[in-house]
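One file, query-v3.pdb, carrying PDB, C-alpha atoms and all ligand atoms:
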ATOM      1  CA  MET A   1     -24.109  -3.162  10.409
ATOM      2  CA  GLN A   2     -25.389  -1.989   7.006
ATOM      3  CA  PRO A   3     -26.199   1.721   6.730
ATOM      4  CA  LYS A   4     -29.473   2.124   4.883
ATOM      5  CA  SER A   5     -29.759   5.820   4.138
ATOM      6  CA  LEU A   6     -27.581   8.816   3.388
ATOM      7  CA  SER A   7     -28.311  10.456   6.739
ATOM      8  CA  SER A   8     -27.384   7.306   8.618
ATOM      9  CA  LEU A   9     -24.117   7.148   6.634
ATOM     10  CA  HIS A  10     -23.359  10.767   7.638
ATOM     11  CA  GLU A  11     -24.050   9.877  11.263
ATOM     12  CA  GLN A  12     -21.879   6.785  11.078
ATOM     13  CA  LEU A  13     -19.011   8.723   9.504
ATOM     14  CA  GLN A  14     -19.167  11.412  12.188
ATOM     15  CA  ALA A  15     -19.487   8.848  14.987
ATOM     16  CA  LEU A  16     -16.496   6.794  13.864
ATOM     17  CA  ILE A  17     -14.064   9.540  12.863
ATOM     18  CA  SER A  18     -13.906  13.124  14.129
ATOM     19  CA  GLU A  19     -11.045  15.652  14.376
ATOM     20  CA  SER A  20      -7.366  14.859  14.642
ATOM     21  CA  PRO A  21      -5.110  16.765  17.070
ATOM     22  CA  LEU A  22      -2.702  19.539  16.129
ATOM     23  CA  GLN A  23       0.611  18.929  17.918
ATOM     24  CA  ARG A  24       3.344  21.551  18.408
ATOM     25  CA  VAL A  25       6.950  20.312  18.149
ATOM     26  CA  SER A  26      10.250  22.073  18.711
ATOM     27  CA  HIS A  27      13.710  21.901  17.120
ATOM     28  CA  PRO A  28      16.801  24.152  17.379
ATOM     29  CA  LEU A  29      16.579  24.881  13.624
ATOM     30  CA  LEU A  30      13.072  26.234  14.194
ATOM     31  CA  SER A  31      13.792  28.321  17.284
ATOM     32  CA  ALA A  32      16.909  29.820  15.631
ATOM     33  CA  ARG A  33      14.562  31.568  13.176
ATOM     34  CA  ASN A  34      11.552  31.978  15.458
ATOM     35  CA  ILE A  35       9.609  29.526  13.279
ATOM     36  CA  SER A  36       6.957  27.304  14.828
ATOM     37  CA  LEU A  37       5.966  23.876  13.578
ATOM     38  CA  SER A  38       2.717  22.038  14.293
ATOM     39  CA  ILE A  39       1.835  18.578  13.048
ATOM     40  CA  LYS A  40      -1.747  17.821  12.057
ATOM     41  CA  ARG A  41      -1.965  14.245  13.318
ATOM     42  CA  ASP A  42      -4.304  12.750  10.732
ATOM     43  CA  ASP A  43      -2.531   9.449  11.392
ATOM     44  CA  LEU A  44      -4.626   9.366  14.581
ATOM     45  CA  LEU A  45      -8.019   9.753  12.862
ATOM     46  CA  HIS A  46      -8.741   6.013  12.950
ATOM     47  CA  THR A  47      -6.704   2.812  13.316
ATOM     48  CA  HIS A  48      -7.349   1.629   9.765
ATOM     49  CA  ILE A  49      -9.031   4.451   7.810
ATOM     50  CA  SER A  50      -6.578   7.174   8.619
ATOM     51  CA  GLY A  51      -4.737  10.140   7.176
ATOM     52  CA  ASN A  52      -5.501  11.679   3.829
ATOM     53  CA  LYS A  53      -7.032   8.355   2.715
ATOM     54  CA  TRP A  54      -9.927   8.868   5.076
ATOM     55  CA  ARG A  55     -10.376  12.494   4.094
ATOM     56  CA  LYS A  56     -10.337  11.629   0.369
ATOM     57  CA  LEU A  57     -12.787   8.754   0.825
ATOM     58  CA  LYS A  58     -15.362  10.561   2.953
ATOM     59  CA  PHE A  59     -17.259  12.490   0.262
ATOM     60  CA  ASN A  60     -16.752   9.710  -2.273
ATOM     61  CA  LEU A  61     -18.627   7.341   0.053
ATOM     62  CA  ILE A  62     -21.354   9.945   0.500
ATOM     63  CA  GLU A  63     -21.565  10.476  -3.278
ATOM     64  CA  ALA A  64     -21.754   6.733  -3.964
ATOM     65  CA  ARG A  65     -24.482   6.288  -1.352
ATOM     66  CA  SER A  66     -26.438   9.262  -2.731
ATOM     67  CA  ARG A  67     -26.358   7.617  -6.178
ATOM     68  CA  GLY A  68     -27.646   4.410  -4.601
ATOM     69  CA  VAL A  69     -24.384   2.614  -5.498
ATOM     70  CA  ASN A  70     -23.162   0.042  -3.026
ATOM     71  CA  HIS A  71     -19.999  -1.196  -4.724
ATOM     72  CA  ILE A  72     -16.734   0.765  -4.975
ATOM     73  CA  LEU A  73     -13.914  -0.248  -7.320
ATOM     74  CA  SER A  74     -10.487   1.351  -7.221
ATOM     75  CA  PHE A  75      -6.850   0.866  -8.227
ATOM     76  CA  GLY A  76      -3.574   0.477  -6.382
ATOM     77  CA  GLY A  77      -0.185  -1.121  -5.940
ATOM     78  CA  ALA A  78       0.355  -4.202  -3.801
ATOM     79  CA  TYR A  79       1.062  -2.190  -0.627
ATOM     80  CA  SER A  80      -1.375   0.643  -1.313
ATOM     81  CA  ASN A  81      -2.551   2.675   1.679
ATOM     82  CA  HIS A  82      -5.587   3.730  -0.337
ATOM     83  CA  ILE A  83      -6.646   0.146  -1.090
ATOM     84  CA  HIS A  84      -6.209  -0.813   2.570
ATOM     85  CA  ALA A  85      -8.290   2.170   3.737
ATOM     86  CA  LEU A  86     -10.989   1.598   1.101
ATOM     87  CA  ALA A  87     -11.364  -2.039   2.166
ATOM     88  CA  ALA A  88     -11.671  -0.972   5.830
ATOM     89  CA  ALA A  89     -14.201   1.747   4.956
ATOM     90  CA  GLY A  90     -16.247  -0.721   2.897
ATOM     91  CA  PHE A  91     -16.317  -3.106   5.842
ATOM     92  CA  HIS A  92     -17.321  -0.420   8.359
ATOM     93  CA  PHE A  93     -19.908   1.376   6.231
ATOM     94  CA  GLY A  94     -21.473  -1.506   4.326
ATOM     95  CA  PHE A  95     -20.016  -1.129   0.811
ATOM     96  CA  LYS A  96     -18.831  -3.998  -1.377
ATOM     97  CA  THR A  97     -15.249  -3.192  -2.477
ATOM     98  CA  SER A  98     -13.070  -4.384  -5.367
ATOM     99  CA  ALA A  99      -9.584  -3.405  -6.476
ATOM    100  CA  ILE A 100      -7.517  -3.615  -9.626
ATOM    101  CA  ILE A 101      -4.035  -4.394  -8.293
ATOM    102  CA  ARG A 102      -0.809  -3.846 -10.247
ATOM    103  CA  GLY A 103       1.353  -6.972 -10.367
ATOM    104  CA  GLU A 104       1.277 -10.680  -9.739
ATOM    105  CA  SER A 105      -1.277 -12.568  -7.670
ATOM    106  CA  HIS A 106       1.288 -13.739  -5.078
ATOM    107  CA  TYR A 107       1.027 -10.226  -3.609
ATOM    108  CA  ALA A 108      -2.355 -11.326  -2.269
ATOM    109  CA  ASN A 109      -0.394 -12.843   0.632
ATOM    110  CA  ASN A 110       1.244  -9.605   1.765
ATOM    111  CA  PRO A 111      -0.070  -8.002   5.006
ATOM    112  CA  THR A 112      -1.826  -5.098   3.211
ATOM    113  CA  LEU A 113      -3.790  -7.251   0.771
ATOM    114  CA  GLN A 114      -4.438 -10.082   3.221
ATOM    115  CA  GLN A 115      -6.128  -7.603   5.537
ATOM    116  CA  ALA A 116      -8.046  -6.010   2.636
ATOM    117  CA  GLN A 117      -9.429  -9.449   1.715
ATOM    118  CA  LYS A 118     -10.395 -10.108   5.339
ATOM    119  CA  TRP A 119     -12.487  -6.941   5.121
ATOM    120  CA  GLY A 120     -14.226  -8.465   2.085
ATOM    121  CA  MET A 121     -12.398  -6.773  -0.788
ATOM    122  CA  GLN A 122     -12.208  -8.661  -4.110
ATOM    123  CA  LEU A 123      -8.796  -8.355  -5.762
ATOM    124  CA  HIS A 124      -8.115  -8.430  -9.523
ATOM    125  CA  PHE A 125      -4.439  -8.585 -10.469
ATOM    126  CA  VAL A 126      -3.360  -7.043 -13.779
ATOM    127  CA  THR A 127      -0.044  -6.700 -15.588
ATOM    128  CA  ARG A 128       1.899  -3.460 -15.218
ATOM    129  CA  LYS A 129       1.050  -2.751 -18.872
ATOM    130  CA  GLU A 130      -2.680  -3.050 -18.273
ATOM    131  CA  TYR A 131      -2.382  -1.012 -15.088
ATOM    132  CA  GLN A 132      -0.984   1.892 -17.096
ATOM    133  CA  LEU A 133      -4.421   2.184 -18.741
ATOM    134  CA  ARG A 134      -6.130   2.956 -15.422
ATOM    135  CA  ASN A 135      -6.993   6.561 -16.365
ATOM    136  CA  GLU A 136      -7.845   5.916 -20.064
ATOM    137  CA  ALA A 137     -11.487   6.549 -20.976
ATOM    138  CA  ASP A 138     -11.831   3.344 -23.091
ATOM    139  CA  TYR A 139     -10.387   1.161 -20.371
ATOM    140  CA  LEU A 140     -12.616   2.746 -17.748
ATOM    141  CA  MET A 141     -15.641   2.152 -19.983
ATOM    142  CA  GLN A 142     -14.733  -1.539 -20.292
ATOM    143  CA  LEU A 143     -14.342  -1.782 -16.526
ATOM    144  CA  GLN A 144     -17.677  -0.061 -15.984
ATOM    145  CA  LYS A 145     -19.304  -2.676 -18.254
ATOM    146  CA  ARG A 146     -17.580  -5.509 -16.409
ATOM    147  CA  PHE A 147     -18.410  -4.099 -12.954
ATOM    148  CA  SER A 148     -21.705  -2.531 -13.942
ATOM    149  CA  ASP A 149     -22.833  -1.847 -10.364
ATOM    150  CA  ALA A 150     -19.572  -0.118  -9.312
ATOM    151  CA  PHE A 151     -18.628   3.462  -8.491
ATOM    152  CA  ILE A 152     -15.118   3.748  -9.975
ATOM    153  CA  LEU A 153     -12.658   5.668  -7.843
ATOM    154  CA  PRO A 154      -9.279   6.645  -9.359
ATOM    155  CA  GLU A 155      -5.948   5.503  -7.939
ATOM    156  CA  GLY A 156      -5.188   7.143  -4.595
ATOM    157  CA  GLY A 157      -8.840   8.252  -4.313
ATOM    158  CA  SER A 158      -7.901  11.562  -5.954
ATOM    159  CA  ASN A 159     -10.923  12.995  -7.730
ATOM    160  CA  ALA A 160     -13.134  16.073  -7.310
ATOM    161  CA  PHE A 161     -15.014  14.464  -4.377
ATOM    162  CA  ALA A 162     -11.711  14.046  -2.503
ATOM    163  CA  ILE A 163     -11.182  17.791  -2.385
ATOM    164  CA  PRO A 164     -13.858  18.864   0.154
ATOM    165  CA  GLY A 165     -12.730  16.081   2.490
ATOM    166  CA  ILE A 166      -9.129  17.262   2.507
ATOM    167  CA  ALA A 167     -10.317  20.873   2.742
ATOM    168  CA  GLU A 168     -11.934  20.018   6.090
ATOM    169  CA  ALA A 169      -8.411  19.576   7.500
ATOM    170  CA  CYS A 170      -7.745  23.287   6.810
ATOM    171  CA  THR A 171     -10.878  24.326   8.679
ATOM    172  CA  GLU A 172      -9.824  22.190  11.652
ATOM    173  CA  ILE A 173      -6.271  23.558  11.566
ATOM    174  CA  ASN A 174      -7.541  27.136  11.656
ATOM    175  CA  GLN A 175      -9.882  26.384  14.542
ATOM    176  CA  GLN A 176      -7.256  24.479  16.528
ATOM    177  CA  SER A 177      -4.304  26.792  16.066
ATOM    178  CA  ASP A 178      -3.792  29.558  18.618
ATOM    179  CA  ASN A 179      -1.606  31.571  16.214
ATOM    180  CA  SER A 180      -2.250  32.149  12.531
ATOM    181  CA  VAL A 181      -0.906  29.611  10.044
ATOM    182  CA  ASP A 182       1.437  30.765   7.249
ATOM    183  CA  HIS A 183       2.315  27.517   5.562
ATOM    184  CA  ILE A 184       0.932  23.984   5.156
ATOM    185  CA  ILE A 185       3.144  21.210   3.835
ATOM    186  CA  THR A 186       2.194  17.711   2.676
ATOM    187  CA  ALA A 187       3.578  14.676   0.882
ATOM    188  CA  THR A 188       2.362  14.432  -2.733
ATOM    189  CA  GLY A 189       1.770  11.255  -4.736
ATOM    190  CA  SER A 190      -1.230  11.775  -7.021
ATOM    191  CA  GLY A 191      -1.945  15.397  -6.068
ATOM    192  CA  GLY A 192      -5.419  15.090  -4.507
ATOM    193  CA  THR A 193      -4.231  16.071  -1.053
ATOM    194  CA  LEU A 194      -2.381  19.152  -2.265
ATOM    195  CA  ALA A 195      -5.398  20.186  -4.360
ATOM    196  CA  GLY A 196      -7.679  19.752  -1.329
ATOM    197  CA  LEU A 197      -5.404  21.887   0.825
ATOM    198  CA  VAL A 198      -5.354  24.625  -1.835
ATOM    199  CA  ALA A 199      -9.162  24.588  -1.890
ATOM    200  CA  GLY A 200      -9.413  24.486   1.914
ATOM    201  CA  CYS A 201      -6.960  27.343   2.444
ATOM    202  CA  SER A 202      -8.811  29.547  -0.067
ATOM    203  CA  ALA A 203     -12.019  28.961   1.870
ATOM    204  CA  THR A 204     -10.409  30.091   5.156
ATOM    205  CA  LYS A 205      -9.513  33.478   3.601
ATOM    206  CA  ASN A 206      -6.117  33.463   5.340
ATOM    207  CA  LYS A 207      -3.005  33.892   3.222
ATOM    208  CA  ILE A 208      -1.648  30.391   3.736
ATOM    209  CA  LYS A 209       0.924  29.010   1.312
ATOM    210  CA  VAL A 210       0.738  25.281   0.497
ATOM    211  CA  THR A 211       3.785  23.192  -0.420
ATOM    212  CA  GLY A 212       3.729  19.611  -1.695
ATOM    213  CA  ILE A 213       6.730  17.292  -1.578
ATOM    214  CA  ALA A 214       6.629  14.957  -4.579
ATOM    215  CA  VAL A 215       7.601  11.473  -3.399
ATOM    216  CA  LEU A 216       8.280  10.175  -6.903
ATOM    217  CA  LYS A 217      10.826  10.948  -9.615
ATOM    218  CA  GLN A 218      10.010  13.409 -12.402
ATOM    219  CA  GLY A 219       7.006  14.652 -10.483
ATOM    220  CA  GLU A 220       6.700  17.876 -12.521
ATOM    221  CA  TYR A 221       3.673  16.417 -14.389
ATOM    222  CA  LEU A 222       1.789  16.585 -11.071
ATOM    223  CA  ASN A 223       1.517  20.378 -11.431
ATOM    224  CA  GLN A 224      -0.820  19.837 -14.384
ATOM    225  CA  GLN A 225      -2.713  17.050 -12.598
ATOM    226  CA  ILE A 226      -3.314  19.270  -9.550
ATOM    227  CA  GLN A 227      -4.549  22.116 -11.755
ATOM    228  CA  GLU A 228      -6.911  19.692 -13.531
ATOM    229  CA  LEU A 229      -8.301  18.458 -10.226
ATOM    230  CA  LEU A 230      -8.891  22.010  -9.029
ATOM    231  CA  LYS A 231     -10.609  22.855 -12.318
ATOM    232  CA  GLN A 232     -13.016  19.929 -11.853
ATOM    233  CA  THR A 233     -14.400  21.568  -8.700
ATOM    234  CA  GLU A 234     -15.476  24.592 -10.806
ATOM    235  CA  HIS A 235     -14.173  27.115  -8.276
ATOM    236  CA  CYS A 236     -11.336  29.650  -8.439
ATOM    237  CA  TYR A 237      -8.722  29.468  -5.709
ATOM    238  CA  ASP A 238      -6.309  32.220  -4.767
ATOM    239  CA  THR A 239      -4.041  30.113  -2.530
ATOM    240  CA  GLN A 240      -0.362  30.230  -3.451
ATOM    241  CA  TRP A 241       0.982  26.701  -3.868
ATOM    242  CA  GLN A 242       4.173  25.027  -4.962
ATOM    243  CA  LEU A 243       5.312  21.496  -5.664
ATOM    244  CA  GLN A 244       8.893  20.626  -4.677
ATOM    245  CA  THR A 245      10.129  17.828  -6.934
ATOM    246  CA  GLN A 246      13.747  17.451  -5.804
ATOM    247  CA  PHE A 247      13.162  15.300  -2.707
ATOM    248  CA  HIS A 248      12.174  11.996  -4.382
ATOM    249  CA  GLY A 249      15.397  10.406  -3.108
ATOM    250  CA  GLY A 250      15.801   8.147  -6.164
ATOM    251  CA  GLY A 251      12.119   7.445  -6.791
ATOM    252  CA  TYR A 252       8.888   6.152  -5.303
ATOM    253  CA  ALA A 253       9.484   3.904  -2.262
ATOM    254  CA  LYS A 254      13.260   4.248  -2.585
ATOM    255  CA  VAL A 255      14.743   4.531   0.904
ATOM    256  CA  SER A 256      18.293   5.846   1.189
ATOM    257  CA  PRO A 257      20.366   5.239   4.351
ATOM    258  CA  VAL A 258      20.095   8.981   5.072
ATOM    259  CA  LEU A 259      16.289   8.854   4.938
ATOM    260  CA  LYS A 260      16.227   5.713   7.058
ATOM    261  CA  THR A 261      18.354   7.393   9.751
ATOM    262  CA  PHE A 262      16.268  10.561   9.559
ATOM    263  CA  CYS A 263      13.022   8.582  10.135
ATOM    264  CA  ARG A 264      14.498   6.727  13.115
ATOM    265  CA  THR A 265      15.821   9.920  14.731
ATOM    266  CA  PHE A 266      12.545  11.761  14.125
ATOM    267  CA  GLU A 267      10.522   8.969  15.735
ATOM    268  CA  GLN A 268      12.816   8.840  18.765
ATOM    269  CA  GLN A 269      12.813  12.609  19.166
ATOM    270  CA  TYR A 270       9.076  13.246  18.866
ATOM    271  CA  ASP A 271       7.520   9.854  19.568
ATOM    272  CA  ILE A 272       5.505  10.262  16.361
ATOM    273  CA  PRO A 273       5.474   7.245  14.007
ATOM    274  CA  ILE A 274       6.283   7.956  10.340
ATOM    275  CA  GLU A 275       7.130   5.788   7.319
ATOM    276  CA  PRO A 276       9.764   6.450   4.650
ATOM    277  CA  ILE A 277       7.546   6.525   1.525
ATOM    278  CA  TYR A 278       5.418   9.594   2.252
ATOM    279  CA  THR A 279       5.645  11.232   5.676
ATOM    280  CA  GLY A 280       9.349  10.436   6.176
ATOM    281  CA  LYS A 281      10.219  12.078   2.850
ATOM    282  CA  MET A 282       7.992  15.038   3.651
ATOM    283  CA  PHE A 283       9.533  15.702   7.086
ATOM    284  CA  TYR A 284      13.048  15.199   5.681
ATOM    285  CA  ALA A 285      12.289  17.767   2.957
ATOM    286  CA  LEU A 286      10.751  20.156   5.495
ATOM    287  CA  PHE A 287      14.002  20.299   7.487
ATOM    288  CA  GLU A 288      16.084  20.649   4.296
ATOM    289  CA  LEU A 289      13.858  23.537   3.165
ATOM    290  CA  LEU A 290      14.231  25.084   6.599
ATOM    291  CA  LYS A 291      18.036  24.988   6.235
ATOM    292  CA  GLU A 292      17.754  26.536   2.752
ATOM    293  CA  GLY A 293      15.721  29.473   4.119
ATOM    294  CA  TYR A 294      12.549  28.504   2.202
ATOM    295  CA  PHE A 295      10.337  29.582   5.119
ATOM    296  CA  ASN A 296      10.192  33.132   6.481
ATOM    297  CA  GLU A 297      11.389  34.158   9.912
ATOM    298  CA  GLY A 298       8.458  33.979  12.364
ATOM    299  CA  ASP A 299       6.369  31.617  10.155
ATOM    300  CA  HIS A 300       3.985  29.084  11.624
ATOM    301  CA  ILE A 301       4.206  25.909   9.543
ATOM    302  CA  VAL A 302       1.712  23.062   9.746
ATOM    303  CA  ALA A 303       2.857  19.685   8.427
ATOM    304  CA  LEU A 304       0.051  17.296   7.534
ATOM    305  CA  HIS A 305       0.750  13.795   8.853
ATOM    306  CA  THR A 306      -1.030  11.838   6.137
ATOM    307  CA  GLY A 307      -0.881   8.457   7.915
ATOM    308  CA  GLY A 308       0.139   5.511   5.747
ATOM    309  CA  LEU A 309       1.577   3.624   8.688
ATOM    310  CA  GLN A 310       0.072   0.305   7.560
ATOM    311  CA  GLY A 311       2.623   0.380   4.706
ATOM    312  CA  ARG A 312       5.404  -0.110   7.258
ATOM    313  CA  GLN A 313       4.421  -3.779   7.544
ATOM    314  CA  GLY A 314       5.497  -4.404   3.949
ATOM    315  CA  PHE A 315       8.774  -2.599   4.581
ATOM    316  CA  GLN A 316       9.389  -4.591   7.745
ATOM    317  CA  GLN A 317       8.541  -7.831   5.897
ATOM    318  CA  ASN A 318      11.138  -6.944   3.252
ATOM    319  CA  LYS A 319      13.601  -5.845   5.985
ATOM    320  CA  LEU A 320      13.879  -2.329   4.510
ATOM    321  CA  ILE A 321      13.293  -0.552   7.845
TER     322      ILE A 321
HETATM  323  C1  LIG A 401       0.494   8.256   3.538
HETATM  324  C2  LIG A 401       0.292   9.038   2.297
HETATM  325  N1  LIG A 401       0.668  10.316   2.275
HETATM  326  C3  LIG A 401       0.538  11.087   1.183
HETATM  327  C4  LIG A 401       0.002  10.565   0.022
HETATM  328  C5  LIG A 401      -0.087  11.440  -1.176
HETATM  329  O1  LIG A 401      -1.360  11.921  -1.352
HETATM  330  P1  LIG A 401      -1.885  12.314  -2.816
HETATM  331  O2  LIG A 401      -1.898  11.030  -3.601
HETATM  332  O3  LIG A 401      -3.245  12.833  -2.571
HETATM  333  O4  LIG A 401      -0.935  13.284  -3.371
HETATM  334  C6  LIG A 401      -0.437   9.232  -0.006
HETATM  335  C7  LIG A 401      -1.090   8.658  -1.206
HETATM  336  O5  LIG A 401      -2.319   8.715  -1.266
HETATM  337  C8  LIG A 401      -0.272   8.438   1.150
HETATM  338  O6  LIG A 401      -0.639   7.160   1.176
END
Just give me the structure as structure tokens.
Ligand SMILES: Cc1ncc(COP(=O)(O)O)c(C=O)c1O
Amino acid sequence: MQPKSLSSLHEQLQALISESPLQRVSHPLLSARNISLSIKRDDLLHTHISGNKWRKLKFNLIEARSRGVNHILSFGGAYSNHIHALAAAGFHFGFKTSAIIRGESHYANNPTLQQAQKWGMQLHFVTRKEYQLRNEADYLMQLQKRFSDAFILPEGGSNAFAIPGIAEACTEINQQSDNSVDHIITATGSGGTLAGLVAGCSATKNKIKVTGIAVLKQGEYLNQQIQELLKQTEHCYDTQWQLQTQFHGGGYAKVSPVLKTFCRTFEQQYDIPIEPIYTGKMFYALFELLKEGYFNEGDHIVALHTGGLQGRQGFQQNKLI
């Protein structure tokens, strides 16, 4: 079905994806300090367009449609959750989708990219060197000439239009929670999700602190990137936020035996699926921070489950989990 107008796109978006549940979990480390933990289950938003990917895409799709643009081009690695979600969204909402993929064309056969192609996405493989140019103005101008009909979305979908979508999670959390929220924690890759939470928490007027767990090595540069993203929205935000950069565990997608065991135990204990690249690292860090006394006695923490479960297929294929 091809949506024809902006209002029908809004209706379709609302009809397909609504709120995600907020789930309370318990642990002796939490009860010892009278701390409560709730998990915002954005992994349950939709089978394929889930987590922060959906929230970041929502207002980008609306913006593209309002400009009369029906083709979305973005960037990602061979197992990218964002690319997978964009392809699914294009299929569901009637957009043509294309992706610049880092690496060799044999990756087209992996489960993530095979599914993206089934949803109609066109893939363009580039060398790692060319991929490094993905945020350079000259390179983007060349791409815009080559794909003249395309709305170009940055890697991870993190731009100013991603922010109001993520901010909606804060509104939902405040409406769903029966006690006030002191802290929201999320995994951080490109920074869009953290920036959206900062914006969303400012809008709720509660004094909520936001913490991001950088999933990659030397993530300090993300502080600047997050500030830039917030600046692009042309608003001032008074939310206190912090990026924790010491939990990368050796780098992006590196899975130590300790992390692997943590993910398995967590899943068995709570019956909540996670993966080791984003949500596994975030929950591992949350419990480490709890042990270090990072949270205050009596706090109510909300951890954002950002989805990304499709990425597990690649890990399983490579026998890493
Ligand atoms: C599952 C998952 N969680 C968290 C993140 C990090 O989000 P951001 O790139 O907005 O920091 C990503 C990447 O988009 C992701 O795929």
| If the PyMOL selection byres (((chain A and resi 290) around 12) and not hetatm) is run on the structure shown, which residues does it catch, given as a list in words? |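 That selection, the PyMOL selection byres (((chain A and resi 290) around 12) and not hetatm), comes back as His27, Pro28, Leu29, Leu30, Ser31, Ala32, Arg33, Asn34, Ile35, Ser36, Leu37, Phe283, Tyr284, Ala285, Leu286, Phe287, Glu288, Leu289, Lys291, Glu292, Gly293, Tyr294, Phe295, Asn296, Glu297, Asp299 and Ile301 of chain A.
Interatomic distance, atom C7 of ligand LIG 401 (chain A) against CA of Ser8 (chain A): 28.1 Å.
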Can you report as lines of an AutoDock Vina configuration file the centre and edge lengths in Å, to one decimal, of an axis-aligned box around the listed atoms of region 217-221 of chain A padded with 3 Å on each side?
center_x = 7.2
center_y = 14.4
center_z = -12.0
size_x = 13.2
size_y = 12.9
size_z = 10.8
| query | Using all atoms listed in the file, which of A:Gln232, A:Ser190, A:Gln114, A:Gln218 sits nearest ligand LIG 401 (chain A)? | reply | A:Ser190
| field | Nearest to ligand LIG 401 (chain A) by atom-to-atom distance, counting all atoms listed in the file, from A:Val181, A:Ala85, A:Leu13, A:Leu22 | value |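 Among the listed residues, the smallest separation from ligand LIG 401 (chain A) belongs to A:Ala85.
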| message | Can you pull out the residues contacting Tyr221 (chain A)? Cut-off 12 Å, using all atoms listed in the file, and skip same-chain residues under 5 positions away; I want them as a ChimeraX atom specification. | response | /A:188-191,214,216,226-228,243-245
| query | Written as a PyMOL selection string, which residues does the PyMOL selection byres (((not hetatm)) within 6 of (chain A and resi 401)) give for the file shown? | reply | chain A and resi 81+156+158+187-193+278+306-308
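Put simply, the PyMOL selection byres (((chain A and resi 186) around 6) and not hetatm) on this file hits Ile185, Ala187, Gly212 and Leu304 of chain A.
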| message | Residues within 12 Å of Thr47 (chain A), please, as a list in words. Count all atoms listed in the file; anything in the same chain fewer than 2 positions from it doesn't count. | response |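 So, after excluding close chain neighbours, the residues are Leu16, Ile17, Asp42, Asp43, Leu44, Leu45, Ile49, Ser50, Gly51, Lys53, Trp54, His84, Ala85, Ala88, Ala89, Gly307, Gly308, Leu309 and Gln310 of chain A.
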| Any idea what the distance is between CA of Val255 (chain A) and CA of Gly280 (chain A)? |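 The value is 9.6 Å.
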Dump of region 299-303 of chain A from preceding block, all heavy atoms, as a PDB file, in the first residue's frame:
ATOM      1  N   ASP A 299      16.635   5.984  44.160  1.00  0.00           N
ATOM      2  CA  ASP A 299      16.409   6.402  42.759  1.00  0.00           C
ATOM      3  C   ASP A 299      15.487   5.448  42.020  1.00  0.00           C
ATOM      4  O   ASP A 299      15.464   4.241  42.286  1.00  0.00           O
ATOM      5  CB  ASP A 299      17.754   6.412  41.989  1.00  0.00           C
ATOM      6  CG  ASP A 299      18.454   7.765  42.037  1.00  0.00           C
ATOM      7  OD1 ASP A 299      17.895   8.710  42.637  1.00  0.00           O
ATOM      8  OD2 ASP A 299      19.569   7.872  41.481  1.00  0.00           O
ATOM      9  N   HIS A 300      14.771   5.996  41.057  1.00  0.00           N
ATOM     10  CA  HIS A 300      14.052   5.166  40.081  1.00  0.00           C
ATOM     11  C   HIS A 300      14.769   5.343  38.742  1.00  0.00           C
ATOM     12  O   HIS A 300      14.806   6.442  38.181  1.00  0.00           O
ATOM     13  CB  HIS A 300      12.578   5.602  39.976  1.00  0.00           C
ATOM     14  CG  HIS A 300      11.801   4.824  38.956  1.00  0.00           C
ATOM     15  ND1 HIS A 300      10.633   5.277  38.411  1.00  0.00           N
ATOM     16  CD2 HIS A 300      12.033   3.610  38.380  1.00  0.00           C
ATOM     17  CE1 HIS A 300      10.170   4.386  37.544  1.00  0.00           C
ATOM     18  NE2 HIS A 300      11.007   3.368  37.501  1.00  0.00           N
ATOM     19  N   ILE A 301      15.353   4.251  38.274  1.00  0.00           N
ATOM     20  CA  ILE A 301      16.113   4.286  37.008  1.00  0.00           C
ATOM     21  C   ILE A 301      15.254   3.659  35.917  1.00  0.00           C
ATOM     22  O   ILE A 301      14.629   2.622  36.131  1.00  0.00           O
ATOM     23  CB  ILE A 301      17.413   3.441  37.118  1.00  0.00           C
ATOM     24  CG1 ILE A 301      18.232   3.832  38.350  1.00  0.00           C
ATOM     25  CG2 ILE A 301      18.245   3.534  35.854  1.00  0.00           C
ATOM     26  CD1 ILE A 301      19.312   2.798  38.706  1.00  0.00           C
ATOM     27  N   VAL A 302      15.263   4.285  34.742  1.00  0.00           N
ATOM     28  CA  VAL A 302      14.639   3.655  33.574  1.00  0.00           C
ATOM     29  C   VAL A 302      15.740   3.370  32.561  1.00  0.00           C
ATOM     30  O   VAL A 302      16.495   4.272  32.178  1.00  0.00           O
ATOM     31  CB  VAL A 302      13.541   4.556  32.954  1.00  0.00           C
ATOM     32  CG1 VAL A 302      13.031   3.948  31.653  1.00  0.00           C
ATOM     33  CG2 VAL A 302      12.383   4.738  33.926  1.00  0.00           C
ATOM     34  N   ALA A 303      15.840   2.102  32.153  1.00  0.00           N
ATOM     35  CA  ALA A 303      16.801   1.728  31.110  1.00  0.00           C
ATOM     36  C   ALA A 303      16.035   1.590  29.803  1.00  0.00           C
ATOM     37  O   ALA A 303      15.004   0.909  29.754  1.00  0.00           O
ATOM     38  CB  ALA A 303      17.469   0.404  31.473  1.00  0.00           C
TER      39      ALA A 303
END
